[in-house]
Amino acid sequence: MEIITVKNICKDYKKLRALNNVSLSINEGELYGLLGVNGAGKTTLLKILSGLTNLTSGEFVISGYTPKQMNEIKRIIDISPQETAVAKNLTVMENLRFFQGLYNQNDEEYLNQIINDLGLTEVVNQRAKTLSGGYQRRLSIALGLISKPKILLLDEPTLGLDVIARRELWNIINKFKGKITIILTSHYLEEIEALCDRVAIMSKGNLLIEGTIPDIKEKTNETSFEEAFVKIVGGMN
């Protein structure tokens, strides 16, 4: 069952077209990947879906709601941005409590579950500024989950992390597969291949192809996803 439908979305910034007639659909409970090099339009699309910026033209529906019902959409969607939105002078627990207050959440069992699922137990009393990059990203995702969203947007969640921290975060993200709908943006091919049910490849604001990894390999007649990606994106340049 589709939870997000996007039809012919365009976004213009003065003379720059950041998104050009993008259409896609995402199923409930799916882990859906947006893949592309920097400037592909991935983050812009997330900002439109979460109400952080307006589209220029086109339309979308999220769980039955249209952009005119953005207040309803914001109740079921949350985002973990590229730049972690943590208060660095507060502890991990203080950050979580602060966001609980923002969303009028007082479910202690759910809070403890998030702390456990995100592997934050041993750092829960540390100030956020003392955390490693990997733990800061975990906390950012935890803050995105506080509102109990039906849809979670993860914008480049492993950007700048070392190999070990990245793999640990993959394991955490995998825990939520099928439980909520996740849209993951990345320019790491191996990350998309390891995590996503389906993927959309974007370049210069255009959606070039959408499907499962095996589908995309088959359509490009390639055995390697990297080679398939290069062929698809290279054909756009």
# chains A, B, ... in the order shown; residues from 1 in each chain; ligands from 1
call {"tool": "residues_around", "arguments": {"residues": "Leu131 (chain A)", "least_positions_apart": "2", "cutoff": "12 Å", "atoms": "only C-alpha atoms", "output": "list in words"}}
result
Thr84, Val86, Ala87, Lys88, Asn89, Leu90, Thr91, Val92, Leu120, Glu122, Val123, Val124, Asn125, Gln126, Arg127, Ala128, Lys129, Gly133, Gly134, Tyr135, Gln136, Arg137, Arg138, Leu139 and Ser140 of chain A
call {"tool": "write_last_selection", "arguments": {"atoms": "C-alpha atoms", "output": "tab-separated table (two decimals), in the first residue's frame"}}
result
chain	number	residue	atom	x	y	z
A	84	THR	CA	22.69	17.03	13.59
A	86	VAL	CA	21.28	18.19	18.89
A	87	ALA	CA	21.87	20.70	21.69
A	88	LYS	CA	25.56	20.08	22.29
A	89	ASN	CA	25.70	21.42	25.85
A	90	LEU	CA	22.88	19.14	26.98
A	91	THR	CA	23.31	15.48	27.83
A	92	VAL	CA	21.83	12.76	25.63
A	120	LEU	CA	22.66	5.08	23.60
A	122	GLU	CA	26.16	3.86	27.92
A	123	VAL	CA	26.31	7.53	26.85
A	124	VAL	CA	22.91	8.68	28.09
A	125	ASN	CA	24.44	11.03	30.72
A	126	GLN	CA	27.18	12.43	28.48
A	127	ARG	CA	26.97	15.92	27.02
A	128	ALA	CA	26.26	15.72	23.31
A	129	LYS	CA	29.38	17.74	22.45
A	133	GLY	CA	30.35	11.51	15.28
A	134	GLY	CA	28.66	8.10	15.21
A	135	TYR	CA	26.92	8.64	18.54
A	136	GLN	CA	25.84	12.14	17.55
A	137	ARG	CA	24.17	10.66	14.46
A	138	ARG	CA	22.48	8.02	16.63
A	139	LEU	CA	21.15	10.77	18.90
A	140	SER	CA	19.92	12.77	15.89
call {"tool": "residues_around", "arguments": {"residues": "Ala18 (chain A)", "least_positions_apart": "3", "cutoff": "12 Å", "atoms": "only C-alpha atoms", "output": "list in words"}}
result
Ile9, Cys10, Lys11, Asp12, Tyr13, Lys14, Lys15, Asn21, Val22, Asn38, Gly39, Ala40, Gly41, Lys42, Thr43, Thr44, Leu45, Lys47, Ile48, Leu55, Thr56, Ser57, Met202, Ser203, Lys204, Gly205, Asn206 and Leu207 of chain A
call {"tool": "atom_distance", "arguments": {"atom1": "CA of His187 (chain A)", "atom2": "CA of Gln82 (chain A)"}}
result
12.5 Å
call {"tool": "select_by_dssp", "arguments": {"residues": "region 39-188 of chain A", "states": "alpha helix (DSSP H)", "output": "PyMOL selection string"}}
result
chain A and resi 42-49+70-76+92-102+108-117+133-145+163-174
call {"tool": "residues_around", "arguments": {"residues": "Ile146 (chain A)", "least_positions_apart": "3", "cutoff": "7 Å", "atoms": "only C-alpha atoms", "output": "PyMOL selection string"}}
result
chain A and resi 99-100+142-143
call {"tool": "write_last_selection", "arguments": {"atoms": "N, CA and C atoms", "output": "PDB file, in the first residue's frame"}}
result
ATOM      1  N   PHE A  99      13.008  17.139  23.556  1.00  0.00           N
ATOM      2  CA  PHE A  99      12.169  16.825  22.397  1.00  0.00           C
ATOM      3  C   PHE A  99      10.859  16.169  22.825  1.00  0.00           C
ATOM      4  N   GLN A 100      10.898  15.397  23.902  1.00  0.00           N
ATOM      5  CA  GLN A 100       9.647  14.860  24.439  1.00  0.00           C
ATOM      6  C   GLN A 100       8.685  15.993  24.782  1.00  0.00           C
ATOM      7  N   ALA A 142      17.491   9.334  17.028  1.00  0.00           N
ATOM      8  CA  ALA A 142      16.618   9.134  18.187  1.00  0.00           C
ATOM      9  C   ALA A 142      15.667  10.317  18.354  1.00  0.00           C
ATOM     10  N   LEU A 143      16.168  11.530  18.166  1.00  0.00           N
ATOM     11  CA  LEU A 143      15.326  12.723  18.288  1.00  0.00           C
ATOM     12  C   LEU A 143      14.241  12.736  17.208  1.00  0.00           C
TER      13      LEU A 143
END
call {"tool": "closest_residue", "arguments": {"among": "A:Ile164, A:Leu169, A:Ile4, A:Leu35", "to": "Val230 (chain A)", "atoms": "only C-alpha atoms"}}
result
A:Leu35
call {"tool": "residues_around", "arguments": {"residues": "Ser25 (chain A)", "least_positions_apart": "5", "cutoff": "7 Å", "atoms": "only C-alpha atoms", "output": "PDB file with C-alpha atoms, in the first residue's frame"}}
result
ATOM      1  CA  GLU A   2       1.419   3.371  -1.048  1.00  0.00           C
ATOM      2  CA  ILE A   4       3.737   8.545  -0.396  1.00  0.00           C
ATOM      3  CA  THR A   5       2.930   9.469  -3.987  1.00  0.00           C
ATOM      4  CA  VAL A   6       4.903  12.192  -5.763  1.00  0.00           C
TER       5      VAL A   6
END
call {"tool": "atom_distance", "arguments": {"atom1": "CA of Lys74 (chain A)", "atom2": "CA of Leu49 (chain A)"}}
result
9.4 Å
call {"tool": "atom_distance", "arguments": {"atom1": "CA of Leu31 (chain A)", "atom2": "CA of Gly119 (chain A)"}}
result
20.5 Å
call {"tool": "select_by_dssp", "arguments": {"residues": "region 1-227 of chain A", "states": "strand (DSSP E)", "output": "ChimeraX atom specification"}}
result
/A:2-13,16-27,31-35,57-62,77-80,151-155,181-186,198-203,206-211
call {"tool": "closest_residue", "arguments": {"among": "A:Leu195, A:Ser63, A:Asn71, A:Lys219", "to": "Ile182 (chain A)", "atoms": "only C-alpha atoms"}}
result
A:Leu195
call {"tool": "residues_around", "arguments": {"residues": "region 155-161 of chain A", "least_positions_apart": "3", "cutoff": "6 Å", "atoms": "only C-alpha atoms", "output": "list of chain:residue names"}}
result
A:Pro81, A:Gln82, A:Ala165, A:Arg166, A:Thr185, A:Ser186
